[in-house]
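Engineer: As input, take run_4.cif (mmCIF, C-alpha atoms and all ligand atoms):
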```
data_final
#
loop_
_atom_site.label_atom_id
_atom_site.label_comp_id
_atom_site.auth_asym_id
_atom_site.auth_seq_id
_atom_site.Cartn_x
_atom_site.Cartn_y
_atom_site.Cartn_z
CA VAL A 208 -27.55 94.31 126.40
CA ASP A 209 -25.84 95.49 129.58
CA GLY A 210 -29.05 94.96 131.54
CA TYR A 211 -29.52 91.42 130.29
CA LEU A 212 -25.84 90.59 130.84
CA ALA A 213 -26.20 91.75 134.44
CA ASN A 214 -29.25 89.49 134.90
CA ILE A 215 -27.35 86.56 133.37
CA GLU A 216 -24.55 87.15 135.87
CA LYS A 217 -27.02 87.40 138.75
CA GLY A 218 -28.76 84.18 137.71
CA LYS A 219 -25.59 82.18 137.01
CA HIS A 220 -26.60 79.48 139.49
CA LEU A 221 -29.59 78.64 137.28
CA ASN A 222 -27.20 77.29 134.62
CA ALA A 223 -29.52 78.57 131.89
CA PHE A 224 -26.69 79.59 129.57
CA VAL A 225 -23.83 77.40 128.47
CA GLU A 226 -22.13 80.26 126.66
CA VAL A 227 -22.67 84.01 126.80
CA TYR A 228 -21.60 86.14 123.84
CA SER A 229 -20.91 89.22 125.99
CA GLU A 230 -18.38 91.11 123.90
CA GLU A 231 -19.98 90.23 120.62
CA ALA A 232 -23.44 91.33 121.82
CA LYS A 233 -22.10 94.63 123.16
CA HIS A 234 -20.29 95.26 119.89
CA ARG A 235 -23.43 94.60 117.85
CA ALA A 236 -25.47 96.81 120.17
CA ARG A 237 -23.10 99.71 119.48
CA GLU A 238 -23.39 99.12 115.73
CA ILE A 239 -27.16 99.01 115.95
CA ASP A 240 -27.22 102.19 118.06
CA ILE A 241 -25.53 103.94 115.16
CA LYS A 242 -28.05 102.51 112.73
CA ILE A 243 -30.86 103.72 114.96
CA SER A 244 -29.49 107.25 114.96
CA ASN A 245 -29.23 107.07 111.16
CA ASN A 246 -32.74 105.69 110.88
CA THR A 247 -31.49 102.56 109.13
CA ALA A 248 -32.11 100.00 111.87
CA GLY A 249 -34.18 96.89 111.14
CA PRO A 250 -37.59 96.27 112.76
CA LEU A 251 -36.15 94.03 115.51
CA ALA A 252 -33.46 96.47 116.66
CA GLY A 253 -33.31 96.19 120.45
CA LEU A 254 -34.58 92.63 120.64
CA ILE A 255 -32.15 90.42 122.55
CA PHE A 256 -32.48 86.69 122.01
CA GLY A 257 -30.92 83.43 123.16
CA ILE A 258 -30.62 80.16 121.28
CA LYS A 259 -30.99 76.61 122.51
CA ASP A 260 -27.84 74.49 122.28
CA LEU A 261 -29.40 72.57 119.38
CA ILE A 262 -29.51 75.50 116.97
CA CYS A 263 -26.47 76.43 114.89
CA TYR A 264 -24.83 79.83 114.91
CA LYS A 265 -21.97 80.33 112.49
CA ASN A 266 -18.43 80.06 113.93
CA HIS A 267 -19.82 79.29 117.38
CA GLN A 268 -20.03 76.03 119.28
CA VAL A 269 -23.15 73.91 119.26
CA ASN A 270 -23.10 70.77 121.42
CA GLY A 271 -26.73 69.59 121.61
CA SER A 272 -25.86 69.45 125.33
CA SER A 273 -24.03 66.23 124.47
CA ASN A 274 -20.46 65.17 125.10
CA ILE A 275 -20.36 63.66 121.65
CA LEU A 276 -20.36 67.18 120.18
CA SER A 277 -17.95 68.70 122.68
CA GLY A 278 -15.87 71.36 120.99
CA PHE A 279 -17.86 71.24 117.75
CA GLU A 280 -18.27 74.54 115.94
CA SER A 281 -20.87 75.16 113.28
CA GLN A 282 -19.85 76.56 109.92
CA PHE A 283 -23.25 78.11 109.23
CA SER A 284 -26.21 79.64 111.03
CA ALA A 285 -29.72 78.27 111.26
CA THR A 286 -32.08 80.12 108.92
CA ALA A 287 -34.13 81.31 111.91
CA VAL A 288 -31.05 82.82 113.56
CA GLU A 289 -29.91 84.41 110.33
CA ARG A 290 -33.31 86.02 109.75
CA LEU A 291 -33.41 87.50 113.25
CA LEU A 292 -29.90 88.90 112.87
CA GLU A 293 -30.81 90.41 109.48
CA GLN A 294 -33.53 92.40 111.23
CA ASP A 295 -31.00 93.68 113.78
CA ALA A 296 -31.92 91.49 116.72
CA ILE A 297 -28.93 90.64 118.95
CA VAL A 298 -28.00 87.11 120.00
CA ILE A 299 -26.77 87.02 123.59
CA GLY A 300 -25.88 83.39 124.12
CA ARG A 301 -26.41 79.66 123.86
CA GLN A 302 -28.77 77.97 126.28
CA ASN A 303 -28.81 74.69 128.17
CA CYS A 304 -31.16 71.85 127.19
CA ASP A 305 -31.66 68.10 127.44
CA GLU A 306 -29.21 66.15 125.28
CA PHE A 307 -30.39 66.32 121.66
CA GLY A 308 -33.78 67.52 122.92
CA MET A 309 -34.57 64.26 124.71
CA GLY A 310 -36.13 64.93 128.07
CA SER A 311 -38.68 66.96 129.97
CA SER A 312 -36.63 68.39 132.83
CA ASN A 313 -33.26 69.56 131.47
CA GLU A 314 -31.66 66.95 133.72
CA ASN A 315 -30.26 65.01 130.74
CA SER A 316 -27.65 67.61 129.86
CA ALA A 317 -23.89 67.22 129.55
CA HIS A 318 -23.75 70.79 130.89
CA GLY A 319 -25.57 69.82 134.09
CA PRO A 320 -29.19 70.66 134.91
CA ALA A 321 -30.73 74.11 134.46
CA LEU A 322 -32.86 75.25 137.40
CA ASN A 323 -36.29 76.85 137.56
CA PRO A 324 -35.91 80.56 138.39
CA LEU A 325 -39.21 80.56 140.29
CA ASP A 326 -37.96 77.81 142.62
CA PRO A 327 -34.43 76.52 142.00
CA SER A 328 -35.17 73.24 143.77
CA ARG A 329 -37.44 72.46 140.82
CA VAL A 330 -36.86 71.72 137.13
CA PRO A 331 -37.52 74.39 134.49
CA GLY A 332 -38.99 71.68 132.22
CA GLY A 333 -37.39 70.43 129.06
CA SER A 334 -35.97 69.88 126.78
CA SER A 335 -35.57 73.65 126.17
CA GLY A 336 -35.25 74.31 129.93
CA GLY A 337 -32.39 76.81 129.79
CA SER A 338 -34.22 78.93 127.22
CA ALA A 339 -37.43 79.04 129.27
CA ALA A 340 -35.53 79.82 132.48
CA ALA A 341 -33.60 82.60 130.70
CA VAL A 342 -36.72 84.35 129.40
CA ALA A 343 -38.51 83.96 132.74
CA ALA A 344 -35.52 85.40 134.61
CA ASN A 345 -35.13 88.36 132.20
CA MET A 346 -31.81 87.17 130.82
CA CYS A 347 -33.04 87.76 127.28
CA HIS A 348 -36.15 89.08 125.67
CA ILE A 349 -37.08 86.01 123.66
CA ALA A 350 -35.48 82.63 123.00
CA LEU A 351 -35.48 80.12 120.18
CA GLY A 352 -36.07 76.60 121.42
CA THR A 353 -37.04 73.42 119.64
CA ASP A 354 -40.26 71.50 120.12
CA THR A 355 -40.51 67.90 118.94
CA GLY A 356 -43.09 66.73 121.46
CA GLY A 357 -43.52 69.61 123.86
CA SER A 358 -40.05 70.97 124.51
CA VAL A 359 -41.10 74.59 124.17
CA ARG A 360 -44.65 74.41 125.55
CA GLN A 361 -43.89 72.33 128.66
CA PRO A 362 -40.95 74.46 129.92
CA ALA A 363 -42.94 77.61 129.09
CA ALA A 364 -45.70 76.28 131.37
CA PHE A 365 -43.21 75.37 134.14
CA CYS A 366 -41.60 78.83 134.04
CA GLY A 367 -44.76 80.92 133.63
CA ILE A 368 -44.14 82.29 130.13
CA THR A 369 -45.55 81.92 126.60
CA GLY A 370 -44.24 79.18 124.31
CA LEU A 371 -45.20 78.48 120.71
CA LYS A 372 -44.77 75.33 118.69
CA PRO A 373 -45.62 76.43 115.15
CA THR A 374 -47.14 74.27 112.45
CA TYR A 375 -44.63 71.64 111.29
CA SER A 376 -42.73 73.16 108.34
CA ARG A 377 -43.74 76.76 109.12
CA ILE A 378 -40.14 77.55 110.18
CA SER A 379 -37.13 76.18 108.34
CA ARG A 380 -35.28 73.39 110.17
CA TRP A 381 -32.00 74.33 108.49
CA GLY A 382 -29.39 74.55 111.20
CA LEU A 383 -31.42 72.65 113.79
CA LEU A 384 -29.71 69.46 115.00
CA ALA A 385 -32.13 66.69 114.07
CA TYR A 386 -33.84 64.55 116.72
CA ALA A 387 -37.02 63.26 115.02
CA SER A 388 -37.22 64.96 111.65
CA SER A 389 -40.93 64.48 110.98
CA PHE A 390 -41.77 66.11 114.34
CA ASP A 391 -38.99 68.68 114.89
CA THR A 392 -39.88 72.36 114.92
CA ILE A 393 -38.16 75.53 116.07
CA GLY A 394 -40.35 77.21 118.68
CA ILE A 395 -40.43 80.61 120.34
CA PHE A 396 -40.38 81.65 124.03
CA SER A 397 -41.58 85.11 125.00
CA LYS A 398 -43.38 86.94 127.74
CA SER A 399 -46.28 88.01 125.52
CA ALA A 400 -48.18 86.73 122.49
CA GLU A 401 -47.32 90.01 120.69
CA ASP A 402 -43.58 89.42 120.89
CA ASN A 403 -44.01 85.80 119.91
CA ALA A 404 -45.93 86.85 116.79
CA ARG A 405 -43.32 89.50 115.97
CA VAL A 406 -40.56 86.90 115.97
CA LEU A 407 -42.55 84.32 114.02
CA GLN A 408 -43.24 87.00 111.42
CA VAL A 409 -39.53 87.26 110.72
CA ILE A 410 -38.40 83.64 110.92
CA ALA A 411 -41.36 81.85 109.25
CA GLY A 412 -41.60 81.06 105.58
CA LYS A 413 -40.04 79.28 102.65
CA ASP A 414 -36.38 78.42 102.73
CA GLY A 415 -34.48 76.86 99.87
CA LYS A 416 -32.20 75.11 102.36
CA ASP A 417 -34.97 72.96 103.87
CA ALA A 418 -36.99 71.03 101.30
CA THR A 419 -39.72 70.28 103.86
CA CYS A 420 -40.20 73.96 104.71
CA SER A 421 -43.62 75.14 103.59
CA SER A 422 -44.09 77.78 100.93
CA GLN A 423 -47.39 78.91 102.50
CA PRO A 424 -47.43 82.70 102.61
CA THR A 425 -46.89 84.25 106.05
CA PRO A 426 -49.85 86.42 107.02
CA GLU A 427 -49.65 89.35 109.44
CA PHE A 428 -49.45 87.46 112.75
CA ASN A 429 -50.05 90.44 115.03
CA THR A 430 -53.63 91.48 114.55
CA PRO A 431 -55.48 93.93 116.82
CA ILE A 432 -57.42 92.44 119.72
CA THR A 433 -61.02 91.92 118.71
CA ASP A 434 -64.13 90.80 120.56
CA LYS A 435 -64.53 87.95 118.10
CA LYS A 436 -66.19 84.88 119.59
CA PHE A 437 -64.69 81.49 118.90
CA ARG A 438 -65.79 77.86 118.92
CA ILE A 439 -63.72 76.00 121.49
CA SER A 440 -63.41 72.26 122.03
CA TYR A 441 -62.49 71.03 125.48
CA PHE A 442 -62.34 67.73 127.35
CA LYS A 443 -64.78 67.53 130.22
CA GLN A 444 -63.07 64.44 131.62
CA PHE A 445 -60.04 66.57 132.53
CA PHE A 446 -62.16 68.38 135.16
CA THR A 447 -62.09 65.20 137.24
CA ASN A 448 -59.15 63.20 135.84
CA GLU A 449 -57.10 61.95 138.81
CA GLY A 450 -53.90 61.88 136.76
CA ILE A 451 -53.94 65.69 136.63
CA GLN A 452 -52.84 67.81 139.60
CA PRO A 453 -55.99 69.16 141.33
CA GLU A 454 -55.08 72.85 140.93
CA ILE A 455 -54.53 72.33 137.19
CA ARG A 456 -57.90 70.61 136.87
CA ALA A 457 -59.53 73.50 138.72
CA ALA A 458 -57.74 76.14 136.60
CA TYR A 459 -58.80 74.30 133.44
CA LYS A 460 -62.42 74.10 134.54
CA SER A 461 -62.53 77.74 135.47
CA LEU A 462 -60.93 78.77 132.16
CA VAL A 463 -63.55 76.79 130.25
CA GLU A 464 -66.33 78.36 132.30
CA GLN A 465 -64.86 81.82 131.86
CA LEU A 466 -64.75 81.33 128.08
CA GLY A 467 -68.38 80.20 128.09
CA ASN A 468 -69.40 83.22 130.15
CA GLY A 469 -67.44 85.41 127.75
CA GLY A 470 -69.71 84.35 124.92
CA HIS A 471 -67.46 81.79 123.21
CA GLU A 472 -69.14 78.62 122.06
CA LEU A 473 -68.01 75.55 124.00
CA ILE A 474 -67.92 72.10 122.44
CA GLU A 475 -67.38 69.05 124.59
CA ALA A 476 -64.96 66.84 122.68
CA GLU A 477 -64.08 63.16 122.90
CA PHE A 478 -60.78 61.75 121.77
CA PRO A 479 -60.88 58.04 120.99
CA TYR A 480 -57.12 57.52 120.79
CA ALA A 481 -55.96 59.18 124.00
CA ASP A 482 -54.20 56.03 125.26
CA TYR A 483 -52.22 55.66 122.03
CA ILE A 484 -50.76 59.15 121.83
CA LEU A 485 -47.66 58.64 123.99
CA PRO A 486 -46.72 55.17 122.70
CA THR A 487 -47.09 56.33 119.10
CA TYR A 488 -44.90 59.34 119.78
CA TYR A 489 -42.17 57.39 121.55
CA ILE A 490 -42.05 54.61 118.94
CA LEU A 491 -41.79 56.98 116.00
CA THR A 492 -39.42 59.51 117.59
CA THR A 493 -37.00 56.87 118.88
CA ALA A 494 -36.96 55.27 115.42
CA GLU A 495 -36.17 58.60 113.77
CA ALA A 496 -33.63 59.47 116.48
CA SER A 497 -31.75 56.21 116.05
CA THR A 498 -31.17 56.95 112.37
CA ASN A 499 -30.51 60.69 112.83
CA LEU A 500 -27.96 60.09 115.56
CA SER A 501 -26.04 57.48 113.54
CA ARG A 502 -24.04 60.38 112.08
CA TYR A 503 -22.23 60.84 115.40
CA ASP A 504 -19.59 58.20 114.89
CA GLY A 505 -16.42 59.71 116.28
CA ALA A 506 -15.16 60.38 112.77
CA HIS A 507 -17.12 63.37 111.53
CA TYR A 508 -17.99 65.57 114.49
CA GLY A 509 -16.88 66.43 118.00
CA LEU A 510 -15.65 63.76 120.35
CA ARG A 511 -13.43 60.83 119.40
CA SER A 512 -12.50 58.30 122.05
CA SER A 513 -8.77 58.16 122.69
CA ASN A 514 -9.07 54.54 123.68
CA THR A 515 -9.44 52.87 120.27
CA GLU A 516 -7.74 50.02 118.44
CA ASP A 517 -9.54 49.92 115.11
CA LEU A 518 -12.47 51.46 113.24
CA GLU A 519 -15.10 49.45 115.07
CA THR A 520 -13.81 50.25 118.55
CA MET A 521 -13.55 53.91 117.56
CA TYR A 522 -17.26 53.96 116.64
CA LYS A 523 -18.30 52.00 119.70
CA ARG A 524 -16.22 53.77 122.31
CA SER A 525 -16.81 57.24 120.93
CA ARG A 526 -20.57 56.63 121.04
CA THR A 527 -20.42 54.98 124.46
CA GLU A 528 -18.41 57.83 125.94
CA GLY A 529 -20.25 60.55 124.04
CA PHE A 530 -23.94 59.78 124.59
CA GLY A 531 -25.80 60.01 127.89
CA ASP A 532 -28.12 57.31 129.28
CA GLU A 533 -31.41 58.63 127.90
CA VAL A 534 -30.01 59.09 124.41
CA ARG A 535 -28.55 55.57 124.46
CA ARG A 536 -31.89 54.20 125.65
CA ARG A 537 -33.68 55.85 122.77
CA ILE A 538 -31.17 54.73 120.16
CA MET A 539 -31.65 51.15 121.37
CA LEU A 540 -35.44 51.45 121.42
CA GLY A 541 -35.35 53.00 117.97
CA THR A 542 -33.15 50.34 116.42
CA PHE A 543 -35.36 47.71 118.05
CA VAL A 544 -38.62 49.06 116.57
CA LEU A 545 -36.92 49.36 113.17
CA SER A 546 -35.37 45.89 113.24
CA ALA A 547 -36.54 43.39 110.61
CA ASP A 548 -38.46 41.20 113.07
CA TYR A 549 -40.36 43.99 114.78
CA TYR A 550 -40.69 46.63 112.09
CA ASP A 551 -44.29 45.81 111.19
CA ALA A 552 -45.41 45.21 114.75
CA TYR A 553 -44.13 48.55 116.03
CA PHE A 554 -42.98 51.04 113.43
CA THR A 555 -45.58 50.39 110.72
CA THR A 556 -48.36 50.13 113.28
CA ALA A 557 -47.33 53.38 114.96
CA GLN A 558 -47.32 55.13 111.60
CA LYS A 559 -50.87 53.96 110.97
CA VAL A 560 -51.93 55.12 114.42
CA ARG A 561 -50.27 58.48 113.77
CA LYS A 562 -52.61 58.90 110.79
CA LEU A 563 -55.64 58.04 112.92
CA ILE A 564 -54.63 60.49 115.66
CA LYS A 565 -54.03 63.23 113.11
CA ALA A 566 -57.38 62.60 111.39
CA ALA A 567 -59.29 62.54 114.70
CA THR A 568 -57.61 65.78 115.80
CA GLU A 569 -58.40 67.44 112.49
CA ASN A 570 -61.93 66.19 112.81
CA ILE A 571 -62.38 68.05 116.11
CA LEU A 572 -60.82 71.15 114.58
CA ALA A 573 -63.09 70.97 111.53
CA ASP A 574 -65.91 71.79 113.92
CA SER A 575 -64.16 74.28 116.17
CA ASP A 576 -61.49 76.97 116.09
CA PHE A 577 -59.38 75.58 118.95
CA ILE A 578 -58.84 72.66 121.25
CA ILE A 579 -57.81 73.67 124.75
CA THR A 580 -56.12 71.42 127.30
CA PRO A 581 -53.78 72.01 130.20
CA THR A 582 -50.19 72.11 128.88
CA THR A 583 -48.95 69.65 131.52
CA PRO A 584 -50.49 67.25 134.05
CA THR A 585 -48.41 68.77 136.90
CA THR A 586 -46.63 72.01 137.68
CA ALA A 587 -42.80 72.13 137.81
CA PHE A 588 -41.57 69.09 139.72
CA LYS A 589 -38.56 68.75 142.03
CA GLN A 590 -35.09 68.05 140.65
CA ASN A 591 -34.26 64.30 140.76
CA SER A 592 -37.87 63.33 141.47
CA HIS A 593 -38.61 61.61 138.13
CA THR A 594 -36.14 58.77 138.07
CA SER A 595 -38.08 56.40 135.85
CA PRO A 596 -38.14 57.19 132.14
CA LEU A 597 -41.86 56.39 131.99
CA ALA A 598 -42.69 58.93 134.70
CA MET A 599 -40.74 61.49 132.67
CA TYR A 600 -42.56 60.60 129.43
CA MET A 601 -45.89 61.30 131.17
CA ALA A 602 -44.93 65.00 131.34
CA ASP A 603 -45.63 65.07 127.59
CA LEU A 604 -49.14 63.68 127.91
CA PHE A 605 -50.89 66.74 126.50
CA THR A 606 -48.24 68.21 124.24
CA VAL A 607 -47.47 65.33 121.88
CA GLN A 608 -50.90 65.31 120.19
CA ALA A 609 -50.12 68.54 118.31
CA SER A 610 -46.66 67.20 117.43
CA ILE A 611 -48.06 63.96 116.02
CA SER A 612 -50.62 65.98 114.04
CA GLY A 613 -48.19 68.69 112.85
CA ILE A 614 -50.51 71.47 114.04
CA PRO A 615 -49.58 74.66 115.91
CA ALA A 616 -50.03 74.94 119.66
CA ILE A 617 -49.22 77.60 122.21
CA SER A 618 -48.86 77.47 125.98
CA ILE A 619 -49.89 80.56 127.90
CA PRO A 620 -49.68 81.19 131.64
CA CYS A 621 -52.97 80.76 133.44
CA GLY A 622 -52.84 81.13 137.21
CA SER A 623 -50.77 79.20 139.72
CA ASP A 624 -50.98 76.32 142.17
CA GLY A 625 -50.89 76.37 145.98
CA GLU A 626 -47.13 76.84 145.98
CA ASN A 627 -47.23 79.75 143.58
CA LEU A 628 -45.92 77.67 140.70
CA PRO A 629 -47.32 78.72 137.34
CA ILE A 630 -49.92 76.72 135.42
CA GLY A 631 -49.94 76.71 131.62
CA MET A 632 -52.87 76.18 129.29
CA GLN A 633 -52.41 74.87 125.79
CA ILE A 634 -54.35 76.06 122.76
CA MET A 635 -54.17 74.04 119.55
CA ALA A 636 -55.43 75.22 116.17
CA GLY A 637 -55.54 73.88 112.61
CA ALA A 638 -52.38 73.78 110.49
CA PHE A 639 -51.10 77.26 109.54
CA GLU A 640 -53.57 79.01 111.83
CA GLU A 641 -50.99 80.68 114.09
CA GLU A 642 -52.59 84.04 113.40
CA LYS A 643 -55.82 82.87 115.04
CA LEU A 644 -53.84 81.28 117.87
CA PHE A 645 -52.17 84.61 118.68
CA ALA A 646 -55.46 86.51 118.42
CA PHE A 647 -57.04 84.17 120.97
CA SER A 648 -53.96 84.19 123.24
CA LYS A 649 -54.18 87.96 123.44
CA ILE A 650 -57.76 87.68 124.70
CA LEU A 651 -56.64 85.23 127.38
CA GLN A 652 -53.37 86.74 128.54
N1 LIG A 701 -39.95 65.43 126.28
C1 LIG A 701 -40.14 65.00 124.93
C2 LIG A 701 -39.09 64.01 124.54
O1 LIG A 701 -38.25 63.75 125.31
C3 LIG A 701 -40.18 66.17 124.02
C4 LIG A 701 -38.86 66.57 123.55
C5 LIG A 701 -38.86 67.66 122.55
O2 LIG A 701 -39.90 68.24 122.24
N2 LIG A 701 -37.70 67.90 122.00
O3 LIG A 701 -39.11 63.48 123.46
#
```
What's the structure tokens form of this structure?
Ligand code: GLN

Structural biologist:
Amino acid sequence: VDGYLANIEKGKHLNAFVEVYSEEAKHRAREIDIKISNNTAGPLAGLIFGIKDLICYKNHQVNGSSNILSGFESQFSATAVERLLEQDAIVIGRQNCDEFGMGSSNENSAHGPALNPLDPSRVPGGSSGGSAAAVAANMCHIALGTDTGGSVRQPAAFCGITGLKPTYSRISRWGLLAYASSFDTIGIFSKSAEDNARVLQVIAGKDGKDATCSSQPTPEFNTPITDKKFRISYFKQFFTNEGIQPEIRAAYKSLVEQLGNGGHELIEAEFPYADYILPTYYILTTAEASTNLSRYDGAHYGLRSSNTEDLETMYKRSRTEGFGDEVRRRIMLGTFVLSADYYDAYFTTAQKVRKLIKAATENILADSDFIITPTTPTTAFKQNSHTSPLAMYMADLFTVQASISGIPAISIPCGSDGENLPIGMQIMAGAFEEEKLFAFSKILQ
């Protein structure tokens, strides 16, 4: 704990943490030291973790990096946090992110941007940017983020670490502030696939507090490295696709070739709905966000405008003062696509397309163990360089397919570009096949 606290202090300028639980963490460490000497410590004794500012921890603040929740304290802990603490892991602090998980750069945060530890003039990715920066800069051992459309995988790629988005419903969403409920997952940042699997082992599985949480049994996620050969689908068009940074294209091509030379079976895949992935994601998630965020009304949680005359102005002004630009944009888009006149044209259509994308993805996976793609079209970009929302949404080009389909996906580091910025590769597998995903990651890492 002392070592990590020293690193947090050293890396303060990165703005990765919004709150550090120094005294509490030291106190718990002393308690766990005693348990260790009595041989009663849990299996995660010694593991120090951070939590994204969208995940609740009892009697501590959670703001969703939004002014609308300023000062708000949670009365309960997320199931994932509770399960880690039960196994004697130690929580060290709360980490910066994009407001309510909406963004790809951590620039949409009421706490100010978090910076990339590998090059502070660049973004750490988002929305779980603070968590990725913290793990990369050795400020904690692992971190819990959330991944709705790439918010764990993309920052993991930008910071050169491993990031898992599990199967939808594998981990309870109890205690996770909702953004788009049919996409939201809690994800895990780590430096190795082994540690990632260790954490998933503890936090996955049925939870009476989240009706959507799956009751699928949790297998042993950490299996020994084997020389098993897999069937791997890849997209040949990415070798030459101009929308992808040249070094990422080259790293992807050489990974595919290396897998072929290693005896894995390569399958060239086609995806007929590539152009529809991002629009489908942004129509459905903004719709869900607009309803989820209606609970922040100035009456129940956090901020209430002081400048109000009646109930209506209290709602309006609290929301106007409390939400940032991107969140307001999405609430408006979401209410638009759900409005009576446009519901069928946008929302219903996007739901149908979601089904097609999911079926086509499952179809590829019926024939192969994995689909591999780059995690992102570019490496970490400069702060303030993506001023248009559409440019920002493009950062999610490769990650949202797994989110739309509800399948697990992991980003692992795979080389670097000309400026020594890390490149991430994404591996997707069928629903509830995390075990296989980890086994393959270990071969690659
Ligand atoms: N960048 C994506 C978005 O803004 C993903 C966010 C997330 O996964 N929480 O929606």

Engineer: Enumerate, in order of chain and increasing residue number, the residues of chain A with an atom no farther than 7 Å from ligand LIG 701 (chain A), each with its shortest atom pair and distance in Å to one decimal, counting only C-alpha atoms and all ligand atoms, as a Markdown table.

Structural biologist:
```
| residue | atom | partner | partner_atom | distance |
| --- | --- | --- | --- | --- |
| A:Gly308 | CA | A:LIG701 | N2 | 4.0 |
| A:Met309 | CA | A:LIG701 | O1 | 3.8 |
| A:Gly310 | CA | A:LIG701 | O1 | 3.7 |
| A:Ser311 | CA | A:LIG701 | N1 | 4.2 |
| A:Gly333 | CA | A:LIG701 | N1 | 6.3 |
| A:Ser334 | CA | A:LIG701 | C4 | 5.5 |
| A:Thr353 | CA | A:LIG701 | N2 | 6.0 |
| A:Asp354 | CA | A:LIG701 | O2 | 3.9 |
| A:Thr355 | CA | A:LIG701 | O2 | 3.4 |
| A:Gly356 | CA | A:LIG701 | O2 | 3.6 |
| A:Gly357 | CA | A:LIG701 | O2 | 4.2 |
| A:Ser358 | CA | A:LIG701 | O2 | 3.6 |
| A:Val359 | CA | A:LIG701 | O2 | 6.7 |
| A:Tyr600 | CA | A:LIG701 | N1 | 6.3 |
| A:Asp603 | CA | A:LIG701 | N1 | 5.8 |
```

Engineer: So that I can see what lies close to segment 271-287 of chain A, please list as a VMD selection string the residues with an atom at most 8 Å from it, counting all atoms listed in the file and leaving out residues fewer than 3 positions away in the same chain.

Structural biologist: chain A and resid 260 to 268 290 to 291 303 to 308 316 to 318 378 to 384 410 to 411 414 503 505 508 to 511 525 to 526 528 to 531

Engineer: Taking 5 positions as the minimum chain separation for residues in the same chain, which residues sit within 9 Å of segment 627-633 of chain A when counting only C-alpha atoms? Answer as a PyMOL selection string.

Structural biologist: chain A and resi 325-326+360-361+363-369+454-455+458-459+462+578-583+585-587+605-606+616-622

Engineer: Name the residues in contact with segment 536-547 of chain A at a cut-off of 6 Å, using all atoms listed in the file, excluding same-chain residues fewer than 5 positions from it; report them as a ChimeraX atom specification.

Structural biologist: /A:493-494,497,553-554

Engineer: Can you tell me, as JSON, numbers by chain, what residues are no more than 9 Å from Leu563 of chain A when counting only C-alpha atoms, ignoring any on the same chain fewer than 5 positions away?

Structural biologist: {"A": [480, 558, 568]}

Engineer: Skip segment 396-406 of chain A itself and residues of its chain fewer than 6 positions away, then list as JSON, numbers by chain all residues within 10 Å of it, counting all atoms listed in the file.

Structural biologist: {"A": [250, 251, 254, 256, 257, 287, 290, 291, 296, 335, 338, 339, 340, 341, 342, 343, 345, 347, 348, 349, 350, 351, 352, 353, 359, 360, 362, 363, 367, 368, 369, 370, 371, 372, 427, 428, 429, 430, 431, 617, 618, 619, 620, 641, 642, 644, 645, 646, 647, 648, 649, 650, 651, 652]}

Engineer: To one decimal in Å, tell me the separation between atom CA of Ser623 of chain A and atom CA of Phe445 of chain A.

Structural biologist: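 Pair atom CA of Ser623 of chain A / atom CA of Phe445 of chain A returns 17.2 Å.
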
Engineer: Restricting the calculation to all atoms listed in the file, which member of A:Ala481, A:Asp517, A:His593, A:Glu238 is positioned closest to Arg329 of chain A?

Structural biologist: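 Nearest to Arg329 of chain A: A:His593.
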
Engineer: Which one is closest to Val560 of chain A: A:Thr447, A:Thr520, A:Thr487, A:Gln590? Count only C-alpha atoms.

Structural biologist: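 Comparing A:Thr447, A:Thr520, A:Thr487, A:Gln590 against Val560 of chain A, the winner is A:Thr487.
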
Engineer: Could you state the separation of atom CA of Val607 of chain A and atom CA of Leu322 of chain A in Å, given to one decimal place?

Structural biologist: 23.5 Å

Engineer: What is the atom CA of Asn570 of chain A to atom CA of Ala418 of chain A distance in Å?

Structural biologist: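 Taking atom CA of Asn570 of chain A as the start and atom CA of Ala418 of chain A as the end point, the length is 27.9 Å.
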
Engineer: Which residue out of A:Phe446, A:Tyr489, A:Phe224, A:Phe390 has the minimum interatomic distance to Leu597 of chain A when only C-alpha atoms are used?

Structural biologist: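 Nearest to Leu597 of chain A: A:Tyr489.
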
Engineer: Which residue out of A:Pro331, A:Pro324, A:Asp295, A:Tyr228 has the minimum interatomic distance to Lys589 of chain A when only C-alpha atoms are used?

Structural biologist: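 Residue with the minimum atom-to-atom distance to Lys589 of chain A: A:Pro331.
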
Engineer: Hey, which of A:Lys523, A:Arg301, A:Lys413, A:Lys219 ends up closest to Asp504 of chain A? Count only C-alpha atoms.

Structural biologist: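 The answer is A:Lys523, which sits nearest to Asp504 of chain A.
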